>>> print(open('target_29.csv').read())   # CSV, C-alpha atoms
chain,number,residue,atom,x,y,z
A,1,MET,CA,0.0,0.0,0.0
A,2,SER,CA,1.3,3.5,-0.8
A,3,GLU,CA,1.8,6.1,1.9
A,4,GLY,CA,0.0,9.4,1.6
A,5,PRO,CA,0.6,12.6,3.6
A,6,ALA,CA,2.2,12.1,7.0
A,7,GLY,CA,2.8,8.4,6.3
A,8,ARG,CA,-0.9,7.5,6.4
A,9,PRO,CA,-2.0,4.7,4.2
A,10,GLY,CA,-3.0,6.1,0.8
A,11,ARG,CA,-5.0,4.7,-2.0
A,12,PRO,CA,-3.5,1.8,-4.1
A,13,GLY,CA,-1.5,3.3,-6.9
A,14,GLY,CA,-1.2,6.6,-5.0
A,15,PRO,CA,2.0,8.4,-4.0
A,16,GLY,CA,4.8,6.2,-2.9
A,17,PRO,CA,8.3,5.2,-3.9
A,18,PRO,CA,8.6,4.0,-7.4
A,19,GLY,CA,9.0,0.3,-7.7
A,20,GLY,CA,8.0,-0.5,-4.1
A,21,SER,CA,9.6,0.1,-0.8
A,22,GLY,CA,13.3,0.2,-1.7
A,23,LEU,CA,13.8,-2.8,0.6
A,24,GLY,CA,15.4,-4.9,-2.0
A,25,ARG,CA,18.0,-6.5,0.3
A,26,PRO,CA,17.9,-10.2,0.8
A,27,GLY,CA,16.2,-11.3,4.0
A,28,VAL,CA,15.4,-14.4,5.9
A,29,ALA,CA,12.1,-16.0,5.1
A,30,ALA,CA,10.4,-18.7,7.2
A,31,ARG,CA,7.0,-20.2,7.3
A,32,GLY,CA,5.5,-19.8,10.8
A,33,PRO,CA,3.3,-22.4,12.3
A,34,GLY,CA,-0.4,-21.9,11.8
A,35,GLY,CA,-2.9,-21.6,14.7
A,36,ALA,CA,-1.3,-19.8,17.5
A,37,ASP,CA,0.5,-17.3,15.3
A,38,HIS,CA,-2.7,-16.3,13.6
A,39,PRO,CA,-3.5,-12.7,14.4
A,40,GLY,CA,-6.5,-13.9,16.3
A,41,GLY,CA,-4.4,-15.4,19.0
A,42,ALA,CA,-5.5,-18.9,19.7
A,43,GLY,CA,-6.2,-19.5,16.1
A,44,GLY,CA,-9.6,-21.2,16.2
A,45,ILE,CA,-12.7,-20.3,14.2
A,46,GLY,CA,-14.1,-17.0,15.3
A,47,SER,CA,-11.0,-16.0,17.2
A,48,ARG,CA,-10.0,-13.4,14.6
A,49,PRO,CA,-9.9,-9.8,16.1
A,50,ARG,CA,-12.5,-7.5,14.7
A,51,SER,CA,-10.4,-4.4,14.4
A,52,ASN,CA,-7.3,-3.6,12.3
A,53,ARG,CA,-5.6,-2.4,15.5
A,54,ALA,CA,-6.3,-5.7,17.3
A,55,ARG,CA,-5.0,-7.7,14.3
A,56,GLY,CA,-1.9,-5.5,14.1
A,57,ARG,CA,-1.2,-6.0,17.9
A,58,ALA,CA,-1.6,-9.8,17.5
A,59,ALA,CA,0.6,-9.9,14.5
A,60,GLU,CA,3.2,-7.7,16.2
A,61,GLU,CA,3.2,-10.2,19.2
A,62,ALA,CA,3.7,-13.1,16.8
A,63,GLY,CA,6.6,-11.2,15.2
A,64,VAL,CA,8.3,-10.4,18.5
A,65,ARG,CA,8.1,-14.1,19.5
A,66,TRP,CA,9.6,-15.1,16.1
A,67,LEU,CA,12.4,-12.5,16.5
A,68,GLU,CA,13.2,-13.8,20.0
A,69,SER,CA,13.4,-17.4,18.6
A,70,GLN,CA,16.0,-16.0,16.1
A,71,GLY,CA,18.2,-14.7,19.0
A,72,TYR,CA,17.0,-11.1,19.2
A,73,GLN,CA,16.8,-9.7,22.8
A,74,VAL,CA,13.9,-7.3,23.3
A,75,VAL,CA,14.9,-4.0,24.9
A,76,GLU,CA,11.7,-1.9,24.5
A,77,ARG,CA,8.5,-2.1,22.6
A,78,ASN,CA,6.3,0.6,21.1
A,79,VAL,CA,8.7,3.4,21.9
A,80,ARG,CA,7.1,6.8,21.3
A,81,THR,CA,9.1,9.9,20.4
A,82,ARG,CA,7.9,13.2,19.0
A,83,ALA,CA,9.1,11.9,15.6
A,84,GLY,CA,7.0,8.8,15.7
A,85,GLU,CA,6.8,5.3,17.1
A,86,ILE,CA,9.4,2.5,17.0
A,87,ASP,CA,7.7,-0.9,17.1
A,88,LEU,CA,10.6,-2.7,18.6
A,89,VAL,CA,14.1,-1.9,19.9
A,90,ALA,CA,16.1,-5.1,20.3
A,91,ARG,CA,19.7,-6.3,20.4
A,92,ASP,CA,21.2,-8.7,17.9
A,93,GLY,CA,24.5,-9.4,19.5
A,94,ALA,CA,26.2,-6.0,20.1
A,95,THR,CA,24.0,-4.2,17.6
A,96,LEU,CA,21.0,-2.2,18.7
A,97,CYS,CA,18.2,-2.8,16.1
A,98,PHE,CA,15.2,-0.6,15.5
A,99,VAL,CA,12.6,-3.0,14.1
A,100,GLU,CA,9.6,-2.1,12.1
A,101,ILE,CA,7.0,-5.0,12.1
A,102,LYS,CA,4.5,-5.0,9.3
A,103,ALA,CA,1.8,-7.6,8.6
A,104,ARG,CA,-0.5,-8.2,5.7
A,105,GLY,CA,-3.4,-10.6,5.8
A,106,SER,CA,-3.3,-10.8,2.0
A,107,ASP,CA,-1.2,-9.4,-0.8
A,108,ALA,CA,-4.1,-7.5,-2.4
A,109,PHE,CA,-2.3,-4.2,-1.7
A,110,GLY,CA,1.3,-5.6,-1.9
A,111,THR,CA,3.6,-7.3,0.5
A,112,ALA,CA,4.1,-6.3,4.1
A,113,ALA,CA,7.7,-5.2,3.3
A,114,ALA,CA,6.5,-2.9,0.5
A,115,ALA,CA,4.5,-1.0,3.1
A,116,VAL,CA,7.7,0.4,4.6
A,117,GLY,CA,8.2,3.2,2.1
A,118,ALA,CA,10.4,6.3,2.1
A,119,VAL,CA,8.2,8.4,4.3
A,120,LYS,CA,8.1,5.7,7.0
A,121,GLN,CA,11.9,5.1,6.7
A,122,ARG,CA,12.6,8.8,7.3
A,123,ARG,CA,10.2,8.9,10.3
A,124,LEU,CA,11.9,5.9,11.8
A,125,CYS,CA,15.4,7.5,11.3
A,126,ARG,CA,14.3,10.6,13.1
A,127,ALA,CA,12.7,8.6,15.9
A,128,ALA,CA,15.8,6.4,16.3
A,129,ALA,CA,18.1,9.4,16.4
A,130,LEU,CA,16.0,10.9,19.2
A,131,TYR,CA,16.0,7.5,21.0
A,132,LEU,CA,19.8,7.2,20.8
A,133,ALA,CA,20.4,10.9,21.8
A,134,ARG,CA,18.1,10.8,24.9
A,135,ARG,CA,19.8,7.6,26.2
A,136,GLY,CA,23.3,8.7,25.4
A,137,LEU,CA,23.7,5.8,23.0
A,138,HIS,CA,24.7,7.7,19.9
A,139,LEU,CA,28.0,5.7,19.6
A,140,THR,CA,26.2,2.4,19.8
A,141,PRO,CA,26.3,0.3,16.6
A,142,SER,CA,22.7,0.3,15.3
A,143,ARG,CA,20.7,-0.6,12.3
A,144,PHE,CA,17.1,-0.7,10.9
A,145,ASP,CA,15.5,-4.1,10.4
A,146,VAL,CA,12.1,-4.8,8.9
A,147,LEU,CA,10.1,-7.9,9.8
A,148,ALA,CA,7.4,-8.5,7.3
A,149,LEU,CA,4.6,-11.0,8.1
A,150,ASP,CA,2.6,-12.1,5.1
A,151,ARG,CA,-0.3,-14.5,5.4
A,152,ARG,CA,-0.2,-17.5,3.1
A,153,ASP,CA,-2.4,-20.6,3.4
A,154,GLY,CA,-3.4,-19.8,7.0
A,155,ALA,CA,0.2,-19.3,8.3
A,156,TRP,CA,2.5,-16.4,8.6
A,157,ILE,CA,5.5,-16.2,6.3
A,158,TYR,CA,8.2,-14.2,8.1
A,159,THR,CA,10.7,-12.2,6.1
A,160,LEU,CA,13.4,-10.5,8.1
A,161,ILE,CA,15.3,-7.8,6.3
A,162,ARG,CA,18.4,-6.9,8.3
A,163,ASP,CA,19.9,-3.5,7.7
A,164,ALA,CA,16.9,-2.6,5.5
A,165,PHE,CA,17.9,1.0,5.0
A,166,PRO,CA,20.6,3.4,6.1
A,167,PHE,CA,20.5,5.9,8.9
A,168,GLY,CA,19.7,9.4,7.8
A,169,TYR,CA,17.6,8.1,4.9
>>> encode(input="target_29.csv", output="structure tokens")
Amino acid sequence: MSEGPAGRPGRPGGPGPPGGSGLGRPGVAARGPGGADHPGGAGGIGSRPRSNRARGRAAEEAGVRWLESQGYQVVERNVRTRAGEIDLVARDGATLCFVEIKARGSDAFGTAAAAVGAVKQRRLCRAAALYLARRGLHLTPSRFDVLALDRRDGAWIYTLIRDAFPFGY
């Protein structure tokens, strides 16, 4: 989906980066187990959350669990700064990672990774710079990762894009 003014979702085919998100770097893809990773929680019939916000929270929770299984150590979640929100701050070894978690129930409007366009990338850069400055971590090695969750055949497909875009984008 394209991003409109202020990073809000726009209409399909609307303004956005040409050719998708610019996240063309190779990532790690894995098929998640069905059921419990479903954005509805337990995964049974009728357990699907009714609102987009609830589906997003459930998908984000599944994404965090998957990242932890890959060795990431969660530092903070849903960090708000005046520049915007950072979904997840985590450590991958000595590197501090600012992780954007995006989920798509279908590919009708593109993949989850394609939803992290230039506007969102700039907002994340500003938010991360504020985060680092306020905590005195400006010399800490850091990067931006994107975890894309795409729904296929009732299960999440996880695609992790490490170092998805540069600082100061």
>>> closest_residue(input="target_29.csv", among="A:Leu132, A:Val99, A:Val64, A:Gly168", to="Ala118 in chain A", atoms="only C-alpha atoms")
A:Gly168
>>> residues_around(input="target_29.csv", residues="Ala94 in chain A", least_positions_apart="5", cutoff="9 Å", atoms="only C-alpha atoms", output="list in words")
Thr140, Pro141 and Ser142 of chain A
>>> closest_residue(input="target_29.csv", among="A:Phe109, A:Leu139, A:Tyr131, A:Phe98", to="Phe165 in chain A", atoms="only C-alpha atoms")
A:Phe98
>>> atom_distance(input="target_29.csv", atom1="CA of Arg57 in chain A", atom2="CA of Ala108 in chain A")
20.6 Å
>>> atom_distance(input="target_29.csv", atom1="CA of Thr111 in chain A", atom2="CA of Thr81 in chain A")
26.9 Å
>>> closest_residue(input="target_29.csv", among="A:Asp163, A:Glu85, A:Glu68, A:Glu60", to="Leu130 in chain A", atoms="all atoms listed in the file")
A:Glu85
>>> closest_residue(input="target_29.csv", among="A:Ala133, A:Ala164, A:Ala148, A:Val75", to="Ala103 in chain A", atoms="only C-alpha atoms")
A:Ala148
>>> atom_distance(input="target_29.csv", atom1="CA of Ala112 in chain A", atom2="CA of Asp150 in chain A")
6.1 Å
>>> closest_residue(input="target_29.csv", among="A:Arg91, A:Arg55, A:Arg80, A:Lys102", to="Ile157 in chain A", atoms="only C-alpha atoms")
A:Lys102
>>> closest_residue(input="target_29.csv", among="A:Arg65, A:Arg162, A:Arg53, A:Arg82", to="Ala128 in chain A", atoms="only C-alpha atoms")
A:Arg82
>>> residues_around(input="target_29.csv", residues="Arg123 in chain A", least_positions_apart="2", cutoff="9 Å", atoms="only C-alpha atoms", output="list in words")
Gly7, Ala83, Gly84, Glu85, Ala118, Val119, Lys120, Gln121, Cys125, Arg126, Ala127 and Ala128 of chain A
>>> residues_around(input="target_29.csv", residues="Gly93 in chain A", least_positions_apart="2", cutoff="9 Å", atoms="only C-alpha atoms", output="JSON, numbers by chain")
{"A": [71, 72, 73, 91, 95, 96]}
>>> write_last_selection(input="target_29.csv", atoms="C-alpha atoms", output="mmCIF file, in the frame of the given file")
data_model
loop_
_atom_site.group_PDB
_atom_site.id
_atom_site.type_symbol
_atom_site.label_atom_id
_atom_site.label_comp_id
_atom_site.auth_asym_id
_atom_site.auth_seq_id
_atom_site.Cartn_x
_atom_site.Cartn_y
_atom_site.Cartn_z
ATOM 1 C CA GLY A 71 18.200 -14.700 19.000
ATOM 2 C CA TYR A 72 17.000 -11.100 19.200
ATOM 3 C CA GLN A 73 16.800 -9.700 22.800
ATOM 4 C CA ARG A 91 19.700 -6.300 20.400
ATOM 5 C CA THR A 95 24.000 -4.200 17.600
ATOM 6 C CA LEU A 96 21.000 -2.200 18.700
#
>>> decode(input="target_29.csv", residues="range 90-124 of chain A", atoms="N, CA and C atoms", output="PDB file, in the first residue's frame")
ATOM      1  N   ALA A  90      15.592  -3.778  19.852  1.00  0.00           N
ATOM      2  CA  ALA A  90      16.120  -5.074  20.284  1.00  0.00           C
ATOM      3  C   ALA A  90      17.620  -5.124  20.030  1.00  0.00           C
ATOM      4  N   ARG A  91      18.256  -6.071  20.670  1.00  0.00           N
ATOM      5  CA  ARG A  91      19.684  -6.314  20.442  1.00  0.00           C
ATOM      6  C   ARG A  91      19.845  -7.593  19.637  1.00  0.00           C
ATOM      7  N   ASP A  92      20.723  -7.497  18.656  1.00  0.00           N
ATOM      8  CA  ASP A  92      21.155  -8.661  17.891  1.00  0.00           C
ATOM      9  C   ASP A  92      22.667  -8.681  18.071  1.00  0.00           C
ATOM     10  N   GLY A  93      23.108  -9.424  19.074  1.00  0.00           N
ATOM     11  CA  GLY A  93      24.516  -9.368  19.460  1.00  0.00           C
ATOM     12  C   GLY A  93      24.793  -8.004  20.077  1.00  0.00           C
ATOM     13  N   ALA A  94      25.841  -7.331  19.595  1.00  0.00           N
ATOM     14  CA  ALA A  94      26.207  -6.009  20.126  1.00  0.00           C
ATOM     15  C   ALA A  94      25.468  -4.874  19.417  1.00  0.00           C
ATOM     16  N   THR A  95      24.675  -5.197  18.403  1.00  0.00           N
ATOM     17  CA  THR A  95      24.000  -4.173  17.596  1.00  0.00           C
ATOM     18  C   THR A  95      22.602  -3.897  18.126  1.00  0.00           C
ATOM     19  N   LEU A  96      22.288  -2.609  18.262  1.00  0.00           N
ATOM     20  CA  LEU A  96      20.956  -2.178  18.653  1.00  0.00           C
ATOM     21  C   LEU A  96      20.124  -2.066  17.381  1.00  0.00           C
ATOM     22  N   CYS A  97      19.010  -2.767  17.345  1.00  0.00           N
ATOM     23  CA  CYS A  97      18.173  -2.810  16.145  1.00  0.00           C
ATOM     24  C   CYS A  97      16.854  -2.096  16.387  1.00  0.00           C
ATOM     25  N   PHE A  98      16.490  -1.238  15.455  1.00  0.00           N
ATOM     26  CA  PHE A  98      15.187  -0.598  15.452  1.00  0.00           C
ATOM     27  C   PHE A  98      14.367  -1.376  14.428  1.00  0.00           C
ATOM     28  N   VAL A  99      13.366  -2.097  14.921  1.00  0.00           N
ATOM     29  CA  VAL A  99      12.645  -3.036  14.069  1.00  0.00           C
ATOM     30  C   VAL A  99      11.242  -2.520  13.788  1.00  0.00           C
ATOM     31  N   GLU A 100      10.917  -2.430  12.519  1.00  0.00           N
ATOM     32  CA  GLU A 100       9.554  -2.120  12.090  1.00  0.00           C
ATOM     33  C   GLU A 100       8.901  -3.450  11.739  1.00  0.00           C
ATOM     34  N   ILE A 101       7.768  -3.722  12.367  1.00  0.00           N
ATOM     35  CA  ILE A 101       7.043  -4.969  12.119  1.00  0.00           C
ATOM     36  C   ILE A 101       5.798  -4.626  11.316  1.00  0.00           C
ATOM     37  N   LYS A 102       5.677  -5.212  10.141  1.00  0.00           N
ATOM     38  CA  LYS A 102       4.525  -4.976   9.272  1.00  0.00           C
ATOM     39  C   LYS A 102       3.882  -6.308   8.942  1.00  0.00           C
ATOM     40  N   ALA A 103       2.560  -6.324   8.944  1.00  0.00           N
ATOM     41  CA  ALA A 103       1.840  -7.560   8.637  1.00  0.00           C
ATOM     42  C   ALA A 103       0.776  -7.286   7.580  1.00  0.00           C
ATOM     43  N   ARG A 104       0.547  -8.268   6.743  1.00  0.00           N
ATOM     44  CA  ARG A 104      -0.497  -8.211   5.720  1.00  0.00           C
ATOM     45  C   ARG A 104      -1.257  -9.534   5.735  1.00  0.00           C
ATOM     46  N   GLY A 105      -2.565  -9.435   5.796  1.00  0.00           N
ATOM     47  CA  GLY A 105      -3.405 -10.625   5.761  1.00  0.00           C
ATOM     48  C   GLY A 105      -3.533 -11.195   4.359  1.00  0.00           C
ATOM     49  N   SER A 106      -3.294 -10.342   3.357  1.00  0.00           N
ATOM     50  CA  SER A 106      -3.302 -10.789   1.962  1.00  0.00           C
ATOM     51  C   SER A 106      -2.362  -9.868   1.191  1.00  0.00           C
ATOM     52  N   ASP A 107      -2.079 -10.238  -0.052  1.00  0.00           N
ATOM     53  CA  ASP A 107      -1.203  -9.391  -0.847  1.00  0.00           C
ATOM     54  C   ASP A 107      -1.995  -8.523  -1.821  1.00  0.00           C
ATOM     55  N   ALA A 108      -3.268  -8.283  -1.498  1.00  0.00           N
ATOM     56  CA  ALA A 108      -4.115  -7.464  -2.363  1.00  0.00           C
ATOM     57  C   ALA A 108      -3.547  -6.062  -2.568  1.00  0.00           C
ATOM     58  N   PHE A 109      -2.846  -5.541  -1.570  1.00  0.00           N
ATOM     59  CA  PHE A 109      -2.259  -4.211  -1.669  1.00  0.00           C
ATOM     60  C   PHE A 109      -0.737  -4.281  -1.607  1.00  0.00           C
ATOM     61  N   GLY A 110      -0.163  -5.408  -1.936  1.00  0.00           N
ATOM     62  CA  GLY A 110       1.286  -5.572  -1.917  1.00  0.00           C
ATOM     63  C   GLY A 110       1.742  -6.332  -0.686  1.00  0.00           C
ATOM     64  N   THR A 111       3.020  -6.587  -0.638  1.00  0.00           N
ATOM     65  CA  THR A 111       3.586  -7.327   0.491  1.00  0.00           C
ATOM     66  C   THR A 111       3.741  -6.417   1.701  1.00  0.00           C
ATOM     67  N   ALA A 112       3.940  -7.018   2.841  1.00  0.00           N
ATOM     68  CA  ALA A 112       4.131  -6.255   4.070  1.00  0.00           C
ATOM     69  C   ALA A 112       5.395  -5.406   3.981  1.00  0.00           C
ATOM     70  N   ALA A 113       6.464  -5.942   3.435  1.00  0.00           N
ATOM     71  CA  ALA A 113       7.718  -5.189   3.332  1.00  0.00           C
ATOM     72  C   ALA A 113       7.560  -3.958   2.452  1.00  0.00           C
ATOM     73  N   ALA A 114       6.742  -4.051   1.423  1.00  0.00           N
ATOM     74  CA  ALA A 114       6.537  -2.921   0.515  1.00  0.00           C
ATOM     75  C   ALA A 114       5.830  -1.759   1.204  1.00  0.00           C
ATOM     76  N   ALA A 115       5.202  -2.020   2.350  1.00  0.00           N
ATOM     77  CA  ALA A 115       4.495  -0.967   3.076  1.00  0.00           C
ATOM     78  C   ALA A 115       5.439  -0.051   3.847  1.00  0.00           C
ATOM     79  N   VAL A 116       6.705  -0.398   3.925  1.00  0.00           N
ATOM     80  CA  VAL A 116       7.680   0.441   4.629  1.00  0.00           C
ATOM     81  C   VAL A 116       8.389   1.299   3.579  1.00  0.00           C
ATOM     82  N   GLY A 117       7.703   2.352   3.175  1.00  0.00           N
ATOM     83  CA  GLY A 117       8.201   3.228   2.123  1.00  0.00           C
ATOM     84  C   GLY A 117       9.123   4.310   2.654  1.00  0.00           C
ATOM     85  N   ALA A 118       9.473   5.229   1.771  1.00  0.00           N
ATOM     86  CA  ALA A 118      10.438   6.283   2.086  1.00  0.00           C
ATOM     87  C   ALA A 118       9.969   7.180   3.229  1.00  0.00           C
ATOM     88  N   VAL A 119       8.697   7.521   3.264  1.00  0.00           N
ATOM     89  CA  VAL A 119       8.183   8.392   4.331  1.00  0.00           C
ATOM     90  C   VAL A 119       8.344   7.705   5.688  1.00  0.00           C
ATOM     91  N   LYS A 120       7.971   6.439   5.762  1.00  0.00           N
ATOM     92  CA  LYS A 120       8.098   5.681   7.006  1.00  0.00           C
ATOM     93  C   LYS A 120       9.568   5.522   7.393  1.00  0.00           C
ATOM     94  N   GLN A 121      10.428   5.283   6.435  1.00  0.00           N
ATOM     95  CA  GLN A 121      11.851   5.132   6.714  1.00  0.00           C
ATOM     96  C   GLN A 121      12.432   6.415   7.304  1.00  0.00           C
ATOM     97  N   ARG A 122      12.066   7.565   6.736  1.00  0.00           N
ATOM     98  CA  ARG A 122      12.552   8.845   7.277  1.00  0.00           C
ATOM     99  C   ARG A 122      12.045   9.064   8.697  1.00  0.00           C
ATOM    100  N   ARG A 123      10.781   8.741   8.948  1.00  0.00           N
ATOM    101  CA  ARG A 123      10.214   8.913  10.290  1.00  0.00           C
ATOM    102  C   ARG A 123      10.932   8.005  11.295  1.00  0.00           C
ATOM    103  N   LEU A 124      11.215   6.772  10.899  1.00  0.00           N
ATOM    104  CA  LEU A 124      11.936   5.860  11.786  1.00  0.00           C
ATOM    105  C   LEU A 124      13.350   6.358  12.072  1.00  0.00           C
TER     106      LEU A 124
END
